[in-house]
file query.txt (compact mmCIF, C-alpha atoms)
# COMPACT_ATOMS: atom_id res chain seq x y z
CA MET A 24 -29.35 -23.70 -28.09
CA THR A 25 -28.15 -20.60 -26.36
CA VAL A 26 -24.80 -19.80 -24.91
CA THR A 27 -24.96 -17.79 -21.69
CA ASP A 28 -22.87 -14.70 -21.04
CA GLU A 29 -21.16 -16.46 -18.15
CA GLU A 30 -20.14 -19.33 -20.38
CA LEU A 31 -18.74 -17.00 -23.02
CA MET A 32 -16.83 -15.15 -20.33
CA ALA A 33 -15.43 -18.42 -19.01
CA TYR A 34 -14.37 -19.18 -22.58
CA VAL A 35 -12.55 -15.85 -22.87
CA ASP A 36 -11.00 -16.34 -19.42
CA GLY A 37 -9.73 -19.82 -20.25
CA GLU A 38 -11.84 -21.39 -17.52
CA LEU A 39 -13.72 -24.06 -19.53
CA ASP A 40 -12.82 -27.72 -19.43
CA ALA A 41 -11.33 -29.18 -22.58
CA ALA A 42 -14.49 -30.86 -23.84
CA ARG A 43 -16.73 -27.81 -23.53
CA LEU A 44 -13.96 -25.60 -24.87
CA GLU A 45 -13.81 -27.58 -28.08
CA SER A 46 -17.56 -27.71 -28.67
CA LEU A 47 -17.97 -24.02 -27.88
CA ARG A 48 -15.12 -23.10 -30.19
CA LEU A 49 -17.04 -24.74 -33.05
CA GLU A 50 -20.26 -22.96 -32.12
CA ILE A 51 -18.51 -19.62 -32.00
CA ALA A 52 -16.87 -20.17 -35.37
CA ALA A 53 -20.29 -20.88 -36.85
CA SER A 54 -22.07 -17.89 -35.37
CA ALA A 55 -21.48 -14.25 -36.19
CA ASP A 56 -23.37 -13.23 -33.08
CA LEU A 57 -21.25 -15.39 -30.77
CA SER A 58 -18.05 -14.23 -32.49
CA ARG A 59 -19.03 -10.64 -31.93
CA ARG A 60 -19.79 -11.24 -28.25
CA VAL A 61 -16.44 -12.95 -27.76
CA ALA A 62 -14.66 -10.09 -29.49
CA GLU A 63 -16.41 -7.59 -27.22
CA GLN A 64 -15.31 -9.51 -24.13
CA ARG A 65 -11.71 -9.59 -25.34
CA GLU A 66 -11.82 -5.90 -26.18
CA LEU A 67 -13.06 -5.05 -22.69
CA ARG A 68 -10.26 -7.05 -21.08
CA ASP A 69 -7.65 -5.47 -23.36
CA ARG A 70 -8.87 -1.95 -22.62
CA LEU A 71 -8.69 -2.59 -18.90
CA ARG A 72 -5.18 -3.97 -19.17
CA ARG A 73 -3.99 -1.14 -21.40
CA ALA A 74 -5.32 1.34 -18.88
CA PHE A 75 -3.68 -0.25 -15.83
CA ASN A 76 -0.55 -1.95 -17.15
CA PRO A 77 1.49 1.27 -17.24
CA ALA A 78 1.54 1.03 -13.44
CA LEU A 79 3.86 -1.97 -13.84
CA ASP A 80 6.51 0.05 -15.65
CA GLU A 81 6.49 3.15 -13.51
CA PRO A 82 9.23 3.55 -10.92
CA VAL A 83 7.97 2.47 -7.52
CA PRO A 84 8.07 5.33 -5.00
CA ALA A 85 10.96 5.09 -2.57
CA ARG A 86 8.64 5.16 0.43
CA LEU A 87 7.39 1.72 -0.68
CA THR A 88 10.67 0.14 -1.70
CA GLU A 89 12.23 1.37 1.52
CA LEU A 90 9.60 -0.47 3.55
CA THR A 91 10.56 -3.84 2.13
CA ALA A 92 14.29 -3.09 1.95
CA ARG A 93 14.31 -1.98 5.55
CA ALA A 94 12.50 -5.14 6.63
CA ARG A 95 15.21 -7.11 4.94
CA VAL A 96 18.09 -5.20 6.41
CA VAL A 97 16.85 -4.87 9.95
CA GLU A 98 15.77 -8.49 10.15
CA LEU A 99 19.16 -9.56 8.95
CA GLY A 100 20.11 -8.24 12.20
CA SER A 101 22.55 -5.76 13.05
CA SER A 102 25.32 -4.16 11.39
CA ALA A 103 24.96 -0.58 10.38
CA ARG A 104 27.11 -1.04 7.33
CA HIS A 105 24.35 -3.10 5.69
CA ARG A 106 21.85 -0.32 5.99
CA PRO A 107 20.57 1.14 2.76
CA PRO A 108 21.43 4.77 2.21
CA ARG A 109 19.05 6.70 4.39
CA VAL A 110 18.38 9.23 1.72
CA ALA A 111 16.74 6.60 -0.44
CA TRP A 112 13.33 6.65 1.14
CA LEU A 113 13.10 10.40 0.99
CA SER A 114 13.77 11.00 -2.65
CA GLY A 115 11.09 11.29 -5.24
CA LEU A 116 8.23 11.61 -2.83
CA ALA A 117 5.03 13.03 -4.16
CA LEU A 118 3.21 13.69 -0.97
CA ALA A 119 -0.47 14.34 -1.09
CA ALA A 120 -1.58 17.50 0.61
CA GLY A 121 -2.98 17.34 4.09
CA ILE A 122 -0.84 14.63 5.57
CA VAL A 123 -1.85 13.65 9.04
CA LEU A 124 0.58 14.66 11.70
CA GLY A 125 -0.35 13.37 15.04
CA ILE A 126 -0.32 10.75 17.63
CA ALA A 127 -2.08 7.45 17.09
CA LEU A 128 -2.25 5.11 20.03
CA GLY A 129 -4.60 2.28 20.80
CA PRO A 130 -5.96 2.03 24.34
CA ALA A 131 -3.30 -0.48 25.40
CA LEU A 132 -0.56 1.67 24.00
CA LEU A 133 -2.01 4.75 25.54
CA GLN A 134 -1.71 3.07 28.91
CA LEU A 135 1.79 1.96 28.10
CA ALA A 136 2.70 5.47 27.08
CA ARG A 137 1.16 6.80 30.27
CA GLU A 138 3.03 4.37 32.45
CA SER A 139 6.28 4.58 30.61
CA PRO A 140 8.77 7.06 31.98
CA GLU A 141 9.83 7.60 28.38
CA ILE A 142 6.76 9.61 27.45
CA VAL A 143 5.83 12.57 29.61
CA ALA A 144 3.27 15.30 29.32
CA SER A 145 4.94 18.67 28.93
CA GLY A 146 2.37 21.43 29.00
CA ALA A 147 0.15 20.92 25.99
CA ASP A 148 2.80 18.77 24.33
CA VAL A 149 4.12 15.31 24.85
CA ALA A 150 7.83 15.03 25.43
CA ALA A 151 10.42 12.30 25.73
CA GLY A 152 11.59 11.42 29.23
CA GLY A 153 13.84 8.91 30.95
CA ALA A 154 15.91 6.61 28.82
CA LEU A 155 14.30 7.84 25.64
CA ALA A 156 15.33 11.44 26.27
CA ASP A 157 18.85 10.30 27.12
CA THR A 158 19.10 8.16 24.01
CA LEU A 159 17.82 10.96 21.79
CA SER A 160 20.31 13.39 23.25
CA GLN A 161 23.35 11.17 23.39
CA ARG A 162 23.27 8.23 21.04
CA LEU A 163 24.28 8.14 17.42
CA ALA A 164 22.47 5.90 14.97
CA SER A 165 25.81 4.64 13.76
CA GLU A 166 26.77 3.32 17.20
CA GLN A 167 23.68 1.32 18.02
CA SER A 168 23.04 -2.38 17.75
CA ALA A 169 19.84 -4.20 16.85
CA SER A 170 19.45 -5.44 20.42
CA ASP A 171 19.21 -1.95 21.93
CA PRO A 172 15.79 -1.40 23.53
CA ILE A 173 15.61 2.05 21.95
CA ARG A 174 16.83 2.40 18.40
CA LEU A 175 17.25 5.51 16.36
CA GLY A 176 16.24 5.93 12.73
CA VAL A 177 17.02 9.13 10.91
CA SER A 178 18.09 12.49 12.24
CA PHE A 179 17.37 15.60 10.25
CA VAL A 180 16.75 19.31 10.28
CA ALA A 181 13.04 20.10 10.11
CA LYS A 182 11.49 22.95 8.15
CA SER A 183 11.01 24.64 11.51
CA GLY A 184 14.81 24.65 11.89
CA GLU A 185 14.70 22.18 14.78
CA TYR A 186 16.60 18.94 14.87
CA CYS A 187 14.33 15.90 14.79
CA ARG A 188 15.02 12.18 15.19
CA THR A 189 12.91 9.10 14.65
CA PHE A 190 13.06 6.22 17.13
CA ILE A 191 11.60 2.85 18.00
CA SER A 192 11.36 1.93 21.67
CA GLN A 193 10.55 -1.66 22.46
CA HIS A 194 8.37 -2.87 25.31
CA GLY A 195 7.93 -6.61 25.12
CA ASP A 196 5.42 -7.44 22.42
CA VAL A 197 4.83 -3.90 21.34
CA ALA A 198 6.98 -0.97 20.50
CA LEU A 199 6.44 2.73 20.29
CA ALA A 200 7.76 4.37 17.17
CA GLY A 201 7.91 8.09 16.93
CA MET A 202 9.50 11.31 15.87
CA ALA A 203 10.91 13.72 18.43
CA CYS A 204 12.05 17.28 17.76
CA ARG A 205 14.42 19.24 19.92
CA GLN A 206 12.73 22.23 21.49
CA GLY A 207 14.91 24.07 23.96
CA ALA A 208 16.15 21.43 26.35
CA THR A 209 13.41 18.87 25.69
CA TRP A 210 12.52 16.45 22.94
CA ARG A 211 8.97 17.21 21.90
CA ILE A 212 7.21 14.17 20.44
CA ASP A 213 5.44 15.09 17.22
CA ALA A 214 4.37 11.64 16.12
CA LEU A 215 3.92 8.39 17.96
CA GLN A 216 2.52 5.10 16.77
CA SER A 217 2.50 1.51 17.93
CA VAL A 218 4.39 -1.22 16.12
CA SER A 219 3.54 -4.84 16.71
CA ILE A 220 6.39 -7.26 17.00
CA VAL A 221 6.24 -10.44 15.02
CA PRO A 222 6.38 -13.28 17.52
CA GLU A 223 8.90 -15.87 16.51
CA VAL A 224 7.44 -19.34 16.20
CA SER A 225 10.38 -21.67 15.96
CA ASN A 226 12.82 -20.91 18.74
CA GLY A 227 11.26 -18.34 21.01
CA TYR A 228 13.52 -15.58 19.77
CA ARG A 229 11.71 -12.31 19.25
CA GLN A 230 12.33 -10.17 16.25
CA ALA A 231 13.28 -6.61 16.81
CA ALA A 232 10.68 -4.09 15.77
CA THR A 233 11.44 -3.26 12.21
CA SER A 234 10.25 -0.45 10.08
CA LEU A 235 8.75 2.83 11.12
CA PRO A 236 4.96 2.77 10.84
CA PRO A 237 3.31 4.99 8.22
CA LEU A 238 2.28 7.79 10.53
CA VAL A 239 5.82 8.30 11.74
CA LEU A 240 7.33 7.93 8.29
CA ARG A 241 4.98 10.56 6.97
CA ALA A 242 5.57 12.88 9.85
CA ALA A 243 9.28 12.68 9.11
CA GLU A 244 8.82 13.02 5.37
CA ASP A 245 6.57 15.97 5.82
CA SER A 246 8.77 17.80 8.31
CA MET A 247 12.16 17.29 6.78
CA ALA A 248 13.79 20.33 5.25
CA GLY A 249 16.49 18.61 3.21
CA ASP A 250 18.24 15.27 3.37
CA PRO A 251 18.72 13.39 6.62
CA LEU A 252 21.99 13.95 8.42
CA ASP A 253 24.81 11.59 7.62
CA ALA A 254 26.92 10.10 10.40
CA VAL A 255 29.23 13.13 10.49
CA GLY A 256 26.37 15.60 10.59
CA GLU A 257 24.62 13.62 13.28
CA ALA A 258 27.74 13.55 15.47
CA ALA A 259 28.28 17.29 14.97
CA ALA A 260 24.69 18.04 15.95
CA ARG A 261 24.97 15.86 19.03
CA ASP A 262 28.22 17.57 20.04
CA GLN A 263 26.43 20.92 19.92
CA ASP A 264 23.65 19.44 22.05
CA TRP A 265 21.18 19.65 19.16
CA THR A 266 20.96 23.41 19.29
CA THR A 267 19.27 24.83 16.23
CA PRO A 268 21.79 25.00 13.42
CA ALA A 269 22.65 28.44 12.10
CA VAL A 270 23.58 27.01 8.74
CA THR A 271 22.43 23.65 7.50
CA ARG A 272 24.81 21.56 5.54
CA MET B 28 14.58 -17.83 10.29
CA ASN B 29 16.23 -14.51 9.79
CA ASP B 30 16.96 -15.60 6.27
CA ARG B 31 13.34 -16.51 5.74
CA VAL B 32 12.14 -13.13 6.97
CA ALA B 33 14.81 -11.33 5.00
CA ASN B 34 13.75 -13.21 1.94
CA PHE B 35 10.16 -12.30 2.69
CA GLY B 36 10.81 -8.57 2.58
CA GLU B 37 12.69 -9.01 -0.65
CA GLN B 38 9.90 -11.02 -2.25
CA VAL B 39 7.27 -8.51 -1.21
CA GLY B 40 9.51 -5.87 -2.76
CA THR B 41 9.39 -7.57 -6.14
CA LEU B 42 5.58 -7.58 -6.00
CA LEU B 43 5.24 -3.82 -5.52
CA PRO B 44 4.47 -3.03 -9.19
CA ARG B 45 1.71 -5.65 -9.23
CA LEU B 46 0.27 -4.38 -5.96
CA ARG B 47 0.27 -0.81 -7.24
CA ARG B 48 -1.60 -1.84 -10.38
CA PHE B 49 -4.22 -3.69 -8.34
CA ALA B 50 -4.56 -0.81 -5.88
CA ARG B 51 -5.09 1.64 -8.72
CA ALA B 52 -8.04 -0.36 -9.94
CA LEU B 53 -9.63 -0.05 -6.51
CA THR B 54 -8.89 3.53 -5.53
CA ARG B 55 -9.74 6.82 -7.13
CA HIS B 56 -6.26 8.27 -7.38
CA PRO B 57 -2.73 6.97 -7.83
CA GLN B 58 -1.69 8.61 -4.54
CA ASP B 59 -4.50 6.79 -2.75
CA ALA B 60 -3.30 3.59 -4.41
CA ASP B 61 0.23 4.06 -3.09
CA ASP B 62 -1.11 4.84 0.38
CA LEU B 63 -3.09 1.62 0.21
CA VAL B 64 -0.05 -0.39 -0.89
CA GLN B 65 1.98 1.13 1.92
CA LEU B 66 -0.65 0.14 4.45
CA ALA B 67 -0.84 -3.38 3.04
CA VAL B 68 2.94 -3.84 3.03
CA GLU B 69 3.14 -2.65 6.64
CA ARG B 70 0.51 -5.20 7.58
CA ALA B 71 2.19 -7.95 5.62
CA LEU B 72 5.54 -7.32 7.27
CA THR B 73 4.07 -7.60 10.75
CA ARG B 74 2.17 -10.74 9.79
CA SER B 75 4.82 -12.49 7.74
CA ALA B 76 4.60 -15.50 10.07
CA GLN B 77 1.05 -16.11 8.82
CA TRP B 78 2.11 -16.64 5.24
CA ARG B 79 2.62 -20.29 4.32
CA PRO B 80 5.63 -20.57 2.02
CA ASP B 81 3.90 -23.26 -0.04
CA SER B 82 1.12 -20.85 -1.02
CA SER B 83 1.16 -17.97 -3.48
CA LEU B 84 2.68 -14.85 -1.94
CA THR B 85 1.13 -12.78 -4.74
CA ASN B 86 -2.38 -13.89 -3.89
CA TRP B 87 -1.74 -13.51 -0.17
CA MET B 88 -0.59 -9.94 -0.75
CA LEU B 89 -3.53 -9.18 -3.05
CA ALA B 90 -5.84 -10.37 -0.27
CA ILE B 91 -4.11 -8.07 2.21
CA VAL B 92 -4.51 -5.14 -0.18
CA ARG B 93 -8.17 -6.02 -0.63
CA ASN B 94 -8.78 -6.30 3.12
CA ALA B 95 -6.94 -3.07 3.82
CA TRP B 96 -9.05 -1.35 1.17
CA ILE B 97 -12.28 -2.65 2.65
CA ASP B 98 -11.21 -1.48 6.11
CA GLU B 99 -10.24 1.88 4.66
CA THR B 100 -13.49 2.42 2.75
CA ARG B 101 -15.50 1.49 5.82
CA ALA B 102 -13.53 3.94 7.90
CA ARG B 103 -14.10 6.60 5.26
CA HIS B 104 -17.80 5.98 5.22
CA ARG B 105 -17.85 6.29 8.97
CA ARG B 106 -16.03 9.59 8.79
CA ASP B 107 -18.25 10.57 5.90
CA ALA B 108 -15.28 12.15 4.26
CA VAL B 109 -15.17 13.29 0.67
CA LEU B 110 -11.55 13.22 -0.28
CA VAL B 111 -11.65 14.33 -3.87
CA PRO B 112 -13.84 16.95 -5.46
CA GLU B 113 -16.17 15.29 -7.94
CA ASN B 114 -15.66 17.90 -10.61
CA GLU B 115 -11.99 17.12 -11.10
CA ALA B 116 -12.93 14.46 -13.61
CA VAL B 117 -14.56 16.97 -15.91
CA GLU B 118 -11.34 18.92 -16.19
CA VAL B 119 -9.43 15.82 -17.17
CA GLY B 120 -12.05 14.91 -19.74
CA ASP B 121 -12.06 18.35 -21.27
CA THR B 122 -8.37 19.00 -21.52
CA GLY B 123 -6.68 15.61 -21.56
CA THR B 124 -5.09 13.66 -24.36
CA ASP B 125 -6.88 10.68 -25.87
CA ARG B 126 -5.02 8.44 -23.48
CA ASP B 127 -6.14 10.53 -20.50
CA ILE B 128 -9.70 10.40 -21.71
CA GLU B 129 -9.56 6.64 -22.18
CA TRP B 130 -8.06 6.28 -18.70
CA TRP B 131 -10.71 8.52 -17.27
CA SER B 132 -13.56 6.72 -19.00
CA ILE B 133 -12.39 3.37 -17.67
CA ARG B 134 -11.61 4.78 -14.26
CA SER B 135 -15.03 6.36 -13.95
CA ALA B 136 -16.85 3.30 -15.28
CA LEU B 137 -15.03 1.12 -12.72
CA GLU B 138 -15.94 3.57 -10.03
CA ARG B 139 -19.61 3.13 -10.77
CA LEU B 140 -19.46 -0.58 -10.10
CA PRO B 141 -20.36 -1.93 -6.69
CA GLU B 142 -17.18 -2.67 -4.75
CA GLU B 143 -17.55 -6.47 -5.03
CA GLN B 144 -17.90 -6.34 -8.80
CA ARG B 145 -14.94 -3.99 -9.13
CA LEU B 146 -12.80 -6.39 -7.10
CA ALA B 147 -13.84 -9.36 -9.24
CA VAL B 148 -13.09 -7.45 -12.45
CA ALA B 149 -9.73 -6.24 -11.17
CA LEU B 150 -8.58 -9.66 -9.97
CA VAL B 151 -9.61 -11.65 -13.04
CA LEU B 152 -9.42 -9.22 -15.96
CA ILE B 153 -6.56 -6.97 -14.86
CA GLU B 154 -4.53 -9.21 -12.54
CA GLY B 155 -5.21 -12.36 -14.56
CA LEU B 156 -6.11 -14.59 -11.62
CA SER B 157 -8.04 -17.79 -12.20
CA TYR B 158 -11.60 -17.94 -10.89
CA ARG B 159 -10.46 -20.20 -8.08
CA GLU B 160 -7.67 -17.83 -7.02
CA ALA B 161 -9.86 -14.74 -7.25
CA ALA B 162 -12.54 -16.43 -5.17
CA GLN B 163 -9.93 -17.23 -2.51
CA VAL B 164 -8.67 -13.66 -2.42
CA MET B 165 -12.23 -12.40 -2.06
CA GLU B 166 -13.12 -15.14 0.41
CA VAL B 167 -16.26 -16.16 -1.49
CA PRO B 168 -17.40 -19.33 -3.31
CA ILE B 169 -16.49 -19.57 -7.00
CA GLY B 170 -20.13 -19.22 -8.03
CA THR B 171 -20.35 -15.90 -6.20
CA LEU B 172 -17.16 -14.71 -7.87
CA THR B 173 -18.34 -15.64 -11.37
CA SER B 174 -21.71 -13.97 -10.94
CA ARG B 175 -20.10 -10.75 -9.63
CA LEU B 176 -17.63 -10.88 -12.48
CA ALA B 177 -20.39 -11.34 -15.04
CA ARG B 178 -22.47 -8.48 -13.68
CA GLY B 179 -19.44 -6.24 -13.49
CA ARG B 180 -18.47 -6.98 -17.06
CA LEU B 181 -21.91 -6.36 -18.46
CA ALA B 182 -22.18 -3.07 -16.60
CA LEU B 183 -18.73 -1.96 -17.78
CA GLN B 184 -19.53 -2.88 -21.34
CA ALA B 185 -22.75 -0.93 -21.25
CA MET B 186 -20.91 2.12 -19.92
CA LEU B 187 -17.86 1.89 -22.16
CA THR B 188 -19.42 0.96 -25.49
CA ASP B 189 -22.39 3.28 -25.47
CA PRO B 190 -20.98 6.72 -26.27
CA SER B 191 -23.99 8.57 -24.90
CA ILE B 192 -23.62 6.85 -21.52
CA THR B 193 -19.92 7.54 -21.50
CA ARG B 194 -20.50 11.17 -22.25
CA VAL B 195 -23.08 11.49 -19.51
CA ALA B 196 -20.68 9.83 -17.12
CA ARG B 197 -17.91 12.22 -18.12
CA LYS B 198 -19.95 15.29 -17.41
CA ASP B 199 -21.16 13.91 -14.11
call {"tool": "encode", "arguments": {"input": "query.txt", "output": "structure tokens"}}
result
Amino acid sequence: MTVTDEELMAYVDGELDAARLESLRLEIAASADLSRRVAEQRELRDRLRRAFNPALDEPVPARLTELTARARVVELGSSARHRPPRVAWLSGLALAAGIVLGIALGPALLQLARESPEIVASGADVAAGGALADTLSQRLASEQSASDPIRLGVSFVAKSGEYCRTFISQHGDVALAGMACRQGATWRIDALQSVSIVPEVSNGYRQAATSLPPLVLRAAEDSMAGDPLDAVGEAAARDQDWTTPAVTR
Amino acid sequence: MNDRVANFGEQVGTLLPRLRRFARALTRHPQDADDLVQLAVERALTRSAQWRPDSSLTNWMLAIVRNAWIDETRARHRRDAVLVPENEAVEVGDTGTDRDIEWWSIRSALERLPEEQRLAVALVLIEGLSYREAAQVMEVPIGTLTSRLARGRLALQAMLTDPSITRVARKD
């Protein structure tokens, strides 16, 4: 009687029922050939695990931990003092070369962006208009609340020397998330992506849009010259109307 | 509800090492794996309402990683993009430590498997899922899972235990 490969594999994987397990165990013990095949199966599994298990012990990049931490904090609702340190998601990044900078909008969002006074064409560029431009110019991240229709993320000095800020602007079921950089008197939009809002099932309350989508996160990570501004630095930049800093802190 | 969602982000956070290990078995490079995990976590956070708390969050997340990977590979095929020069592997094989060479041999053997077999191998042999769980993640009947797993194993064994095949693969 022959034992199939699949049955031996099921034996190694602990997938046999008790009766077959017992009878097969006896057959294997009595057969050098079966013992060898079982040993080969175990060796293959062990090699695979040895090769991949180190991933479990490596530190997880901050860009990933920040995603889940941010979901937690923003969903909790509100207060800025619960925010994780903003620097956290920037440290230790090993960015692959050739990161996409750009604008990703589905057709519906494209229409929304076109209709929204917040996004305006400015020559070859796209710029912030209306309430978005005002918020970018005037508001501090530390003063906002979770219910604001436009919320600010990080503010920082880009490698170009310009000030840039990330934002999420909510429009019903969808939100636009983006990164805007101060160019002269306008906020040029360097990255824009849609964020879907999780509809709330139990009581009709809608969650605020949460984390920045990957395109925007990467645009910010890729552009940033140093650490994001802290609350003091952000206020100082705002008070100077976001003119390019002569010296960065 | 806010507590539930807050808890959700936290729980997904604890799964990140597992998700990275799984993603590494699917992708060619650790950076690609982290990109894939990032994509999957983004998706999971926007779809948290679809997760039933009485089911396994781990398996739900593994399925999201798998689906994101399938979407990504299809998109890549459409773009016909070659992301990594093929000859990089030879450099690793020639100059690496024993551990690098072992990693590379396994990595390159896995890469030669059809996608479905690689997924079955990763879920059962690396992630330690039961056949039933792996079949659910892959959205196939158990019989399909076990036959893909068996074919994947036999192919891997042929590549990894025959030194001449391994050497040919390394110089590829």
call {"tool": "residues_around", "arguments": {"input": "query.txt", "residues": "B:Ala136", "least_positions_apart": "2", "cutoff": "8 Å", "atoms": "all atoms listed in the file", "output": "PDB file with C-alpha atoms, in the coordinates of the input"}}
result
ATOM      1  CA  SER B 132     -13.560   6.720 -19.000  1.00  0.00           C
ATOM      2  CA  ILE B 133     -12.390   3.370 -17.670  1.00  0.00           C
ATOM      3  CA  ARG B 134     -11.610   4.780 -14.260  1.00  0.00           C
ATOM      4  CA  GLU B 138     -15.940   3.570 -10.030  1.00  0.00           C
ATOM      5  CA  ARG B 139     -19.610   3.130 -10.770  1.00  0.00           C
ATOM      6  CA  LEU B 140     -19.460  -0.580 -10.100  1.00  0.00           C
ATOM      7  CA  LEU B 183     -18.730  -1.960 -17.780  1.00  0.00           C
ATOM      8  CA  MET B 186     -20.910   2.120 -19.920  1.00  0.00           C
ATOM      9  CA  LEU B 187     -17.860   1.890 -22.160  1.00  0.00           C
ATOM     10  CA  ALA B 196     -20.680   9.830 -17.120  1.00  0.00           C
TER      11      ALA B 196
END
call {"tool": "interface_residues", "arguments": {"input": "query.txt", "of": "chain B", "to": "chain A", "cutoff": "6 Å", "atoms": "only C-alpha atoms", "output": "list in words"}}
result
Asn29, Ala33, Gly36, Gly40, Pro44, Arg48, Thr73, Trp130, Leu152 and Ile153 of chain B
call {"tool": "closest_residue", "arguments": {"input": "query.txt", "among": "B:Trp78, B:Gln163, B:Arg47, B:Ala185", "to": "B:Val92", "atoms": "all atoms listed in the file"}}
result
B:Arg47
call {"tool": "residues_around", "arguments": {"input": "query.txt", "residues": "stretch 149-152 of chain A", "least_positions_apart": "6", "cutoff": "12 Å", "atoms": "all atoms listed in the file", "output": "PyMOL selection string"}}
result
chain A and resi 125-126+136-143+158-160+188-190+192+199-215
call {"tool": "atom_distance", "arguments": {"input": "query.txt", "atom1": "atom CA of B:Ala162", "atom2": "atom CA of B:Ala90"}}
result
10.3 Å
call {"tool": "residues_around", "arguments": {"input": "query.txt", "residues": "A:Ala248", "least_positions_apart": "4", "cutoff": "6 Å", "atoms": "only C-alpha atoms", "output": "mmCIF file with C-alpha atoms, keeping the file's coordinate frame"}}
result
data_model
loop_
_atom_site.group_PDB
_atom_site.id
_atom_site.type_symbol
_atom_site.label_atom_id
_atom_site.label_comp_id
_atom_site.auth_asym_id
_atom_site.auth_seq_id
_atom_site.Cartn_x
_atom_site.Cartn_y
_atom_site.Cartn_z
ATOM 1 C CA VAL A 180 16.750 19.310 10.280
ATOM 2 C CA ALA A 181 13.040 20.100 10.110
ATOM 3 C CA LYS A 182 11.490 22.950 8.150
#
call {"tool": "atom_distance", "arguments": {"input": "query.txt", "atom1": "atom CA of A:Ile173", "atom2": "atom CA of A:Ile191"}}
result
5.7 Å
call {"tool": "atom_distance", "arguments": {"input": "query.txt", "atom1": "atom CA of B:Val148", "atom2": "atom CA of A:Arg48"}}
result
23.7 Å
